[in-house]
>>> print(open('entry_5.pdb').read())   # PDB, C-alpha atoms, pLDDT in the B column
ATOM      1  CA  MET A   1     -14.852   4.555   5.882  1.00 41.00           C
ATOM      2  CA  ALA A   2     -12.602   1.849   7.330  1.00 46.00           C
ATOM      3  CA  GLN A   3     -14.175  -1.471   8.330  1.00 47.00           C
ATOM      4  CA  ALA A   4     -12.977  -3.879  11.031  1.00 44.00           C
ATOM      5  CA  GLY A   5      -9.567  -5.222   9.984  1.00 53.00           C
ATOM      6  CA  GLU A   6      -9.046  -2.278   7.634  1.00 64.00           C
ATOM      7  CA  MET A   7      -7.013   0.903   8.025  1.00 78.00           C
ATOM      8  CA  THR A   8      -8.361   4.346   7.229  1.00 88.00           C
ATOM      9  CA  PRO A   9      -7.997   4.798   3.457  1.00 94.00           C
ATOM     10  CA  TYR A  10      -5.429   7.198   2.036  1.00 96.00           C
ATOM     11  CA  ARG A  11      -7.244   9.948   0.147  1.00 97.00           C
ATOM     12  CA  PHE A  12      -5.802  12.292  -2.471  1.00 98.00           C
ATOM     13  CA  ASP A  13      -6.921  14.474  -5.360  1.00 98.00           C
ATOM     14  CA  VAL A  14      -5.070  13.981  -8.642  1.00 98.00           C
ATOM     15  CA  PRO A  15      -2.807  17.055  -8.998  1.00 97.00           C
ATOM     16  CA  PHE A  16      -1.779  18.794 -12.214  1.00 96.00           C
ATOM     17  CA  ARG A  17       1.840  17.548 -11.922  1.00 97.00           C
ATOM     18  CA  ASP A  18       0.658  13.921 -12.284  1.00 97.00           C
ATOM     19  CA  VAL A  19      -1.418  14.441 -15.436  1.00 97.00           C
ATOM     20  CA  GLY A  20      -0.257  14.122 -19.049  1.00 94.00           C
ATOM     21  CA  MET A  21      -1.354  15.890 -22.213  1.00 93.00           C
ATOM     22  CA  ARG A  22      -4.375  13.565 -22.608  1.00 92.00           C
ATOM     23  CA  GLY A  23      -5.621  14.576 -19.176  1.00 92.00           C
ATOM     24  CA  GLU A  24      -4.943  11.164 -17.610  1.00 96.00           C
ATOM     25  CA  MET A  25      -2.739  10.446 -14.602  1.00 97.00           C
ATOM     26  CA  HIS A  26       0.757   9.204 -15.536  1.00 97.00           C
ATOM     27  CA  SER A  27       1.224   5.466 -14.987  1.00 95.00           C
ATOM     28  CA  ALA A  28       4.195   5.987 -12.655  1.00 96.00           C
ATOM     29  CA  ALA A  29       2.038   8.150 -10.373  1.00 97.00           C
ATOM     30  CA  TYR A  30      -0.201   5.147  -9.590  1.00 98.00           C
ATOM     31  CA  VAL A  31       2.810   3.340  -8.129  1.00 97.00           C
ATOM     32  CA  THR A  32       3.857   6.442  -6.181  1.00 97.00           C
ATOM     33  CA  TYR A  33       0.399   6.742  -4.597  1.00 98.00           C
ATOM     34  CA  ALA A  34       0.256   3.005  -3.876  1.00 97.00           C
ATOM     35  CA  GLU A  35       3.623   3.233  -2.077  1.00 96.00           C
ATOM     36  CA  GLU A  36       2.378   6.247  -0.102  1.00 96.00           C
ATOM     37  CA  ALA A  37      -0.768   4.342   0.902  1.00 97.00           C
ATOM     38  CA  VAL A  38       1.325   1.374   2.132  1.00 96.00           C
ATOM     39  CA  SER A  39       3.637   3.750   3.999  1.00 93.00           C
ATOM     40  CA  ARG A  40       0.678   5.354   5.795  1.00 94.00           C
ATOM     41  CA  PHE A  41      -0.787   1.918   6.517  1.00 94.00           C
ATOM     42  CA  TRP A  42       2.525   0.827   8.019  1.00 91.00           C
ATOM     43  CA  ASN A  43       3.010   4.037  10.023  1.00 89.00           C
ATOM     44  CA  ALA A  44      -0.301   3.434  11.819  1.00 88.00           C
ATOM     45  CA  ARG A  45       1.502   0.654  13.732  1.00 90.00           C
ATOM     46  CA  GLN A  46       3.721   1.370  16.719  1.00 89.00           C
ATOM     47  CA  ALA A  47       7.257   0.317  15.774  1.00 89.00           C
ATOM     48  CA  GLU A  48       8.845  -2.452  17.857  1.00 90.00           C
ATOM     49  CA  GLU A  49      12.542  -2.881  18.625  1.00 89.00           C
ATOM     50  CA  SER A  50      12.403  -6.360  17.064  1.00 89.00           C
ATOM     51  CA  ASP A  51      11.097  -5.024  13.715  1.00 93.00           C
ATOM     52  CA  PRO A  52      13.260  -5.866  10.719  1.00 96.00           C
ATOM     53  CA  ALA A  53      14.166  -3.428   7.983  1.00 95.00           C
ATOM     54  CA  PHE A  54      12.347  -3.936   4.690  1.00 95.00           C
ATOM     55  CA  CYS A  55      13.261  -3.721   1.032  1.00 94.00           C
ATOM     56  CA  VAL A  56      10.863  -3.716  -1.873  1.00 95.00           C
ATOM     57  CA  ALA A  57      10.846  -7.082  -3.627  1.00 96.00           C
ATOM     58  CA  LYS A  58       8.031  -6.557  -6.134  1.00 97.00           C
ATOM     59  CA  VAL A  59       5.771  -3.817  -7.463  1.00 97.00           C
ATOM     60  CA  ALA A  60       2.937  -4.511  -9.892  1.00 97.00           C
ATOM     61  CA  CYS A  61       0.073  -2.267 -10.954  1.00 97.00           C
ATOM     62  CA  SER A  62      -3.011  -2.830 -13.093  1.00 98.00           C
ATOM     63  CA  LEU A  63      -4.634   0.299 -14.512  1.00 97.00           C
ATOM     64  CA  LEU A  64      -8.356  -0.339 -14.951  1.00 98.00           C
ATOM     65  CA  LYS A  65      -9.918   3.111 -15.473  1.00 97.00           C
ATOM     66  CA  PRO A  66      -7.900   6.289 -16.072  1.00 97.00           C
ATOM     67  CA  LEU A  67      -7.816   8.893 -13.320  1.00 98.00           C
ATOM     68  CA  HIS A  68      -7.981  12.562 -14.307  1.00 98.00           C
ATOM     69  CA  LEU A  69      -6.995  15.960 -12.947  1.00 97.00           C
ATOM     70  CA  GLY A  70      -8.929  16.735  -9.781  1.00 97.00           C
ATOM     71  CA  ASP A  71     -10.383  13.245  -9.301  1.00 98.00           C
ATOM     72  CA  ALA A  72     -10.868  12.405  -5.633  1.00 98.00           C
ATOM     73  CA  VAL A  73      -9.223   9.025  -5.030  1.00 98.00           C
ATOM     74  CA  GLU A  74      -9.407   6.663  -2.084  1.00 98.00           C
ATOM     75  CA  ALA A  75      -6.575   4.115  -1.789  1.00 98.00           C
ATOM     76  CA  ARG A  76      -7.440   1.108   0.402  1.00 97.00           C
ATOM     77  CA  VAL A  77      -4.688  -1.164   1.709  1.00 96.00           C
ATOM     78  CA  LYS A  78      -4.945  -4.779   2.787  1.00 96.00           C
ATOM     79  CA  VAL A  79      -2.281  -7.378   3.462  1.00 96.00           C
ATOM     80  CA  SER A  80      -2.416  -9.847   0.566  1.00 96.00           C
ATOM     81  CA  LYS A  81       0.314 -12.318   1.602  1.00 97.00           C
ATOM     82  CA  ILE A  82       2.365 -13.118   4.681  1.00 97.00           C
ATOM     83  CA  GLY A  83       5.432 -15.291   4.282  1.00 96.00           C
ATOM     84  CA  GLY A  84       8.151 -16.298   6.688  1.00 96.00           C
ATOM     85  CA  LYS A  85      10.413 -13.459   5.528  1.00 97.00           C
ATOM     86  CA  SER A  86       8.063 -11.246   3.527  1.00 97.00           C
ATOM     87  CA  ALA A  87       4.715  -9.502   3.349  1.00 97.00           C
ATOM     88  CA  ALA A  88       2.721  -8.191   0.400  1.00 97.00           C
ATOM     89  CA  PHE A  89       0.155  -5.424   0.298  1.00 97.00           C
ATOM     90  CA  ALA A  90      -2.810  -4.997  -2.060  1.00 97.00           C
ATOM     91  CA  VAL A  91      -3.728  -1.402  -2.804  1.00 97.00           C
ATOM     92  CA  GLN A  92      -7.020  -0.632  -4.523  1.00 97.00           C
ATOM     93  CA  MET A  93      -7.642   2.900  -5.797  1.00 98.00           C
ATOM     94  CA  TYR A  94     -11.241   4.016  -6.113  1.00 98.00           C
ATOM     95  CA  ARG A  95     -12.836   7.052  -7.735  1.00 98.00           C
ATOM     96  CA  GLY A  96     -16.151   7.034  -5.921  1.00 97.00           C
ATOM     97  CA  GLU A  97     -17.329   3.432  -6.114  1.00 97.00           C
ATOM     98  CA  GLU A  98     -15.381   2.745  -9.329  1.00 98.00           C
ATOM     99  CA  LEU A  99     -12.180   0.696  -9.025  1.00 98.00           C
ATOM    100  CA  ALA A 100      -9.556   2.576 -11.064  1.00 98.00           C
ATOM    101  CA  ALA A 101      -6.354   0.670 -10.271  1.00 98.00           C
ATOM    102  CA  GLU A 102      -4.948  -2.221  -8.267  1.00 98.00           C
ATOM    103  CA  ALA A 103      -1.357  -2.490  -7.095  1.00 98.00           C
ATOM    104  CA  GLU A 104       0.632  -5.107  -5.231  1.00 98.00           C
ATOM    105  CA  ILE A 105       3.751  -4.212  -3.304  1.00 98.00           C
ATOM    106  CA  ALA A 106       5.826  -6.990  -1.711  1.00 97.00           C
ATOM    107  CA  TRP A 107       8.403  -6.326   0.976  1.00 96.00           C
ATOM    108  CA  SER A 108      11.214  -8.632   2.116  1.00 97.00           C
ATOM    109  CA  ALA A 109      12.368  -8.515   5.739  1.00 97.00           C
ATOM    110  CA  CYS A 110      16.074  -7.814   6.271  1.00 96.00           C
ATOM    111  CA  ASP A 111      18.336  -7.639   9.288  1.00 94.00           C
ATOM    112  CA  PRO A 112      18.823  -3.892   9.931  1.00 92.00           C
ATOM    113  CA  GLN A 113      22.605  -4.257  10.481  1.00 91.00           C
ATOM    114  CA  THR A 114      23.599  -6.792   7.824  1.00 93.00           C
ATOM    115  CA  GLY A 115      20.843  -6.487   5.237  1.00 91.00           C
ATOM    116  CA  SER A 116      20.538 -10.274   5.076  1.00 95.00           C
ATOM    117  CA  PRO A 117      17.070 -11.862   4.860  1.00 96.00           C
ATOM    118  CA  THR A 118      15.426 -12.462   8.217  1.00 96.00           C
ATOM    119  CA  GLN A 119      12.220 -13.921   9.632  1.00 96.00           C
ATOM    120  CA  LEU A 120       9.222 -11.749  10.452  1.00 96.00           C
ATOM    121  CA  PRO A 121       8.860 -11.557  14.252  1.00 95.00           C
ATOM    122  CA  GLU A 122       5.762 -13.287  15.620  1.00 94.00           C
ATOM    123  CA  GLU A 123       4.196 -10.077  17.004  1.00 92.00           C
ATOM    124  CA  LEU A 124       4.585  -8.433  13.588  1.00 94.00           C
ATOM    125  CA  ARG A 125       3.019 -11.434  11.851  1.00 94.00           C
ATOM    126  CA  ASP A 126       0.107 -11.280  14.332  1.00 94.00           C
ATOM    127  CA  TRP A 127      -0.460  -7.605  13.490  1.00 94.00           C
ATOM    128  CA  LEU A 128      -0.312  -8.279   9.744  1.00 95.00           C
ATOM    129  CA  TYR A 129      -2.833 -11.122  10.031  1.00 95.00           C
ATOM    130  CA  ARG A 130      -5.409  -8.609  11.316  1.00 93.00           C
ATOM    131  CA  TYR A 131      -5.389  -7.041   7.840  1.00 94.00           C
ATOM    132  CA  LEU A 132      -5.006 -10.141   5.677  1.00 93.00           C
ATOM    133  CA  ASP A 133      -7.472 -10.101   2.811  1.00 84.00           C
TER     134      ASP A 133
END
>>> encode(input="entry_5.pdb", output="structure tokens")
Amino acid sequence: MAQAGEMTPYRFDVPFRDVGMRGEMHSAAYVTYAEEAVSRFWNARQAEESDPAFCVAKVACSLLKPLHLGDAVEARVKVSKIGGKSAAFAVQMYRGEELAAEAEIAWSACDPQTGSPTQLPEELRDWLYRYLD
């Protein structure tokens, strides 16, 4: 359940397509689910006309405990960093109370027309600070 300053977690069951011959989830699937969790986190916010476009600047993932076919997973997202022109998100994936993986996804703000780096608008920064870990 989400706490104050936390979005509702993204929940999924590990499907057959994401599992290898050893019965463990493929490493690339962890990144896919982390990106989906950040996307859902982001979509919970009403878009503003002043919002920049974003491009992925960094993706990192630490696999702590393997996930298996049918495991029920809860991905929790927090904002881990807020810069002048970027934001980073920490995604923790739990199987029950066990932390299975941690991912960090950093986004850089870009001008939607030119693609050049741009500052995060103040109202966007204020929203992000509500979820800063």
>>> residues_around(input="entry_5.pdb", residues="Glu102 of chain A", least_positions_apart="6", cutoff="6 Å", atoms="only C-alpha atoms", output="PyMOL selection string")
chain A and resi 61-62+91-92
>>> residues_around(input="entry_5.pdb", residues="Ala29 of chain A", least_positions_apart="4", cutoff="8 Å", atoms="all atoms listed in the file", output="PyMOL selection string")
chain A and resi 18+25+33
>>> resolve_selection(input="entry_5.pdb", expression="the PyMOL selection byres ((chain A and resi 120) around 8)", output="list in words")
Asp51, Pro52, Gly84, Lys85, Ser86, Ala109, Thr118, Gln119, Pro121, Glu122, Leu124 and Arg125 of chain A
>>> atom_distance(input="entry_5.pdb", atom1="atom CA of Pro66 of chain A", atom2="atom CA of Arg11 of chain A")
16.6 Å
>>> atom_distance(input="entry_5.pdb", atom1="atom CA of Tyr94 of chain A", atom2="atom CA of Thr32 of chain A")
15.3 Å
>>> closest_residue(input="entry_5.pdb", among="A:Lys58, A:Lys65, A:Lys81, A:Arg130", to="Val31 of chain A", atoms="all atoms listed in the file")
A:Lys58
>>> residues_around(input="entry_5.pdb", residues="His68 of chain A", least_positions_apart="5", cutoff="8 Å", atoms="only C-alpha atoms", output="mmCIF file with C-alpha atoms, keeping the file's coordinate frame")
data_model
loop_
_atom_site.group_PDB
_atom_site.id
_atom_site.type_symbol
_atom_site.label_atom_id
_atom_site.label_comp_id
_atom_site.auth_asym_id
_atom_site.auth_seq_id
_atom_site.Cartn_x
_atom_site.Cartn_y
_atom_site.Cartn_z
ATOM 1 C CA VAL A 14 -5.070 13.981 -8.642
ATOM 2 C CA VAL A 19 -1.418 14.441 -15.436
ATOM 3 C CA GLY A 23 -5.621 14.576 -19.176
ATOM 4 C CA GLU A 24 -4.943 11.164 -17.610
ATOM 5 C CA MET A 25 -2.739 10.446 -14.602
#
>>> closest_residue(input="entry_5.pdb", among="A:Ser108, A:Glu123, A:Ala28, A:Gln113", to="Ala60 of chain A", atoms="all atoms listed in the file")
A:Ala28
>>> resolve_selection(input="entry_5.pdb", expression="the PyMOL selection byres ((chain A and resi 104) around 12)", output="CSV table (one decimal) with C-alpha atoms, in the frame of the given file")
chain,number,residue,atom,x,y,z
A,30,TYR,CA,-0.2,5.1,-9.6
A,31,VAL,CA,2.8,3.3,-8.1
A,33,TYR,CA,0.4,6.7,-4.6
A,34,ALA,CA,0.3,3.0,-3.9
A,35,GLU,CA,3.6,3.2,-2.1
A,37,ALA,CA,-0.8,4.3,0.9
A,38,VAL,CA,1.3,1.4,2.1
A,56,VAL,CA,10.9,-3.7,-1.9
A,57,ALA,CA,10.8,-7.1,-3.6
A,58,LYS,CA,8.0,-6.6,-6.1
A,59,VAL,CA,5.8,-3.8,-7.5
A,60,ALA,CA,2.9,-4.5,-9.9
A,61,CYS,CA,0.1,-2.3,-11.0
A,62,SER,CA,-3.0,-2.8,-13.1
A,63,LEU,CA,-4.6,0.3,-14.5
A,76,ARG,CA,-7.4,1.1,0.4
A,77,VAL,CA,-4.7,-1.2,1.7
A,78,LYS,CA,-4.9,-4.8,2.8
A,79,VAL,CA,-2.3,-7.4,3.5
A,80,SER,CA,-2.4,-9.8,0.6
A,81,LYS,CA,0.3,-12.3,1.6
A,87,ALA,CA,4.7,-9.5,3.3
A,88,ALA,CA,2.7,-8.2,0.4
A,89,PHE,CA,0.2,-5.4,0.3
A,90,ALA,CA,-2.8,-5.0,-2.1
A,91,VAL,CA,-3.7,-1.4,-2.8
A,92,GLN,CA,-7.0,-0.6,-4.5
A,93,MET,CA,-7.6,2.9,-5.8
A,101,ALA,CA,-6.4,0.7,-10.3
A,102,GLU,CA,-4.9,-2.2,-8.3
A,103,ALA,CA,-1.4,-2.5,-7.1
A,105,ILE,CA,3.8,-4.2,-3.3
A,106,ALA,CA,5.8,-7.0,-1.7
A,107,TRP,CA,8.4,-6.3,1.0
>>> closest_residue(input="entry_5.pdb", among="A:Glu48, A:Glu74, A:Asp13, A:Glu36", to="Arg95 of chain A", atoms="only C-alpha atoms")
A:Glu74
>>> residues_around(input="entry_5.pdb", residues="Gly115 of chain A", least_positions_apart="5", cutoff="9 Å", atoms="only C-alpha atoms", output="number ranges by chain")
A: 53-54, 109-110
>>> atom_distance(input="entry_5.pdb", atom1="atom CA of Gly96 of chain A", atom2="atom CA of Asn43 of chain A")
25.1 Å
>>> closest_residue(input="entry_5.pdb", among="A:Asp133, A:Trp127, A:Glu97, A:Leu67", to="Ala47 of chain A", atoms="all atoms listed in the file")
A:Trp127
>>> closest_residue(input="entry_5.pdb", among="A:Glu98, A:Val73, A:Trp42, A:Leu64", to="Ser27 of chain A", atoms="all atoms listed in the file")
A:Leu64
>>> closest_residue(input="entry_5.pdb", among="A:Cys55, A:Leu69, A:Leu128, A:Met7", to="Gly20 of chain A", atoms="only C-alpha atoms")
A:Leu69
>>> build_atoms(input="entry_5.pdb", residues="segment 73-84 of chain A", atoms="all heavy atoms", output="compact mmCIF listing (two decimals), in the frame of the given file")
# COMPACT_ATOMS: atom_id res chain seq x y z
N VAL A 73 -9.58 10.45 -5.03
CA VAL A 73 -9.22 9.02 -5.03
C VAL A 73 -9.09 8.54 -3.60
O VAL A 73 -8.56 9.24 -2.74
CB VAL A 73 -7.90 8.80 -5.80
CG1 VAL A 73 -7.53 7.32 -5.84
CG2 VAL A 73 -7.99 9.38 -7.20
N GLU A 74 -9.55 7.32 -3.38
CA GLU A 74 -9.41 6.66 -2.08
C GLU A 74 -8.60 5.39 -2.31
O GLU A 74 -9.02 4.53 -3.08
CB GLU A 74 -10.78 6.34 -1.52
CG GLU A 74 -10.75 5.71 -0.16
CD GLU A 74 -12.14 5.51 0.41
OE1 GLU A 74 -12.71 6.50 0.91
OE2 GLU A 74 -12.64 4.38 0.34
N ALA A 75 -7.44 5.29 -1.67
CA ALA A 75 -6.58 4.12 -1.79
C ALA A 75 -6.75 3.27 -0.53
O ALA A 75 -6.49 3.73 0.58
CB ALA A 75 -5.12 4.53 -1.96
N ARG A 76 -7.20 2.04 -0.71
CA ARG A 76 -7.44 1.11 0.40
C ARG A 76 -6.36 0.04 0.40
O ARG A 76 -6.07 -0.56 -0.64
CB ARG A 76 -8.81 0.47 0.26
CG ARG A 76 -9.94 1.48 0.19
CD ARG A 76 -11.26 0.83 -0.12
NE ARG A 76 -12.26 1.84 -0.44
CZ ARG A 76 -13.42 1.56 -0.99
NH1 ARG A 76 -13.75 0.31 -1.29
NH2 ARG A 76 -14.27 2.54 -1.26
N VAL A 77 -5.80 -0.22 1.58
CA VAL A 77 -4.69 -1.16 1.71
C VAL A 77 -5.12 -2.36 2.54
O VAL A 77 -5.74 -2.20 3.59
CB VAL A 77 -3.46 -0.50 2.38
CG1 VAL A 77 -2.33 -1.50 2.55
CG2 VAL A 77 -3.00 0.71 1.59
N LYS A 78 -4.78 -3.52 2.05
CA LYS A 78 -4.94 -4.78 2.79
C LYS A 78 -3.64 -5.56 2.66
O LYS A 78 -2.88 -5.36 1.72
CB LYS A 78 -6.08 -5.63 2.19
CG LYS A 78 -7.45 -5.09 2.41
CD LYS A 78 -7.91 -5.41 3.80
CE LYS A 78 -9.41 -5.37 3.89
NZ LYS A 78 -9.88 -5.91 5.13
N VAL A 79 -3.41 -6.46 3.58
CA VAL A 79 -2.28 -7.38 3.46
C VAL A 79 -2.75 -8.51 2.56
O VAL A 79 -3.81 -9.11 2.79
CB VAL A 79 -1.85 -7.90 4.85
CG1 VAL A 79 -0.75 -8.93 4.72
CG2 VAL A 79 -1.40 -6.74 5.73
N SER A 80 -2.01 -8.80 1.50
CA SER A 80 -2.42 -9.85 0.57
C SER A 80 -1.68 -11.17 0.79
O SER A 80 -2.21 -12.22 0.45
CB SER A 80 -2.23 -9.39 -0.88
OG SER A 80 -0.89 -9.01 -1.13
N LYS A 81 -0.47 -11.10 1.35
CA LYS A 81 0.31 -12.32 1.60
C LYS A 81 1.22 -12.09 2.80
O LYS A 81 1.75 -11.00 2.99
CB LYS A 81 1.19 -12.68 0.41
CG LYS A 81 0.46 -13.03 -0.85
CD LYS A 81 1.43 -13.29 -1.99
CE LYS A 81 0.66 -13.38 -3.30
NZ LYS A 81 1.54 -13.31 -4.45
N ILE A 82 1.41 -13.15 3.58
CA ILE A 82 2.37 -13.12 4.68
C ILE A 82 3.22 -14.37 4.56
O ILE A 82 2.71 -15.49 4.60
CB ILE A 82 1.67 -13.10 6.06
CG1 ILE A 82 0.72 -11.91 6.16
CG2 ILE A 82 2.71 -13.08 7.18
CD1 ILE A 82 -0.19 -11.94 7.37
N GLY A 83 4.50 -14.17 4.36
CA GLY A 83 5.43 -15.29 4.28
C GLY A 83 6.30 -15.32 5.53
O GLY A 83 6.14 -14.51 6.44
N GLY A 84 7.23 -16.22 5.56
CA GLY A 84 8.15 -16.30 6.69
C GLY A 84 9.08 -15.10 6.77
O GLY A 84 9.43 -14.64 7.85
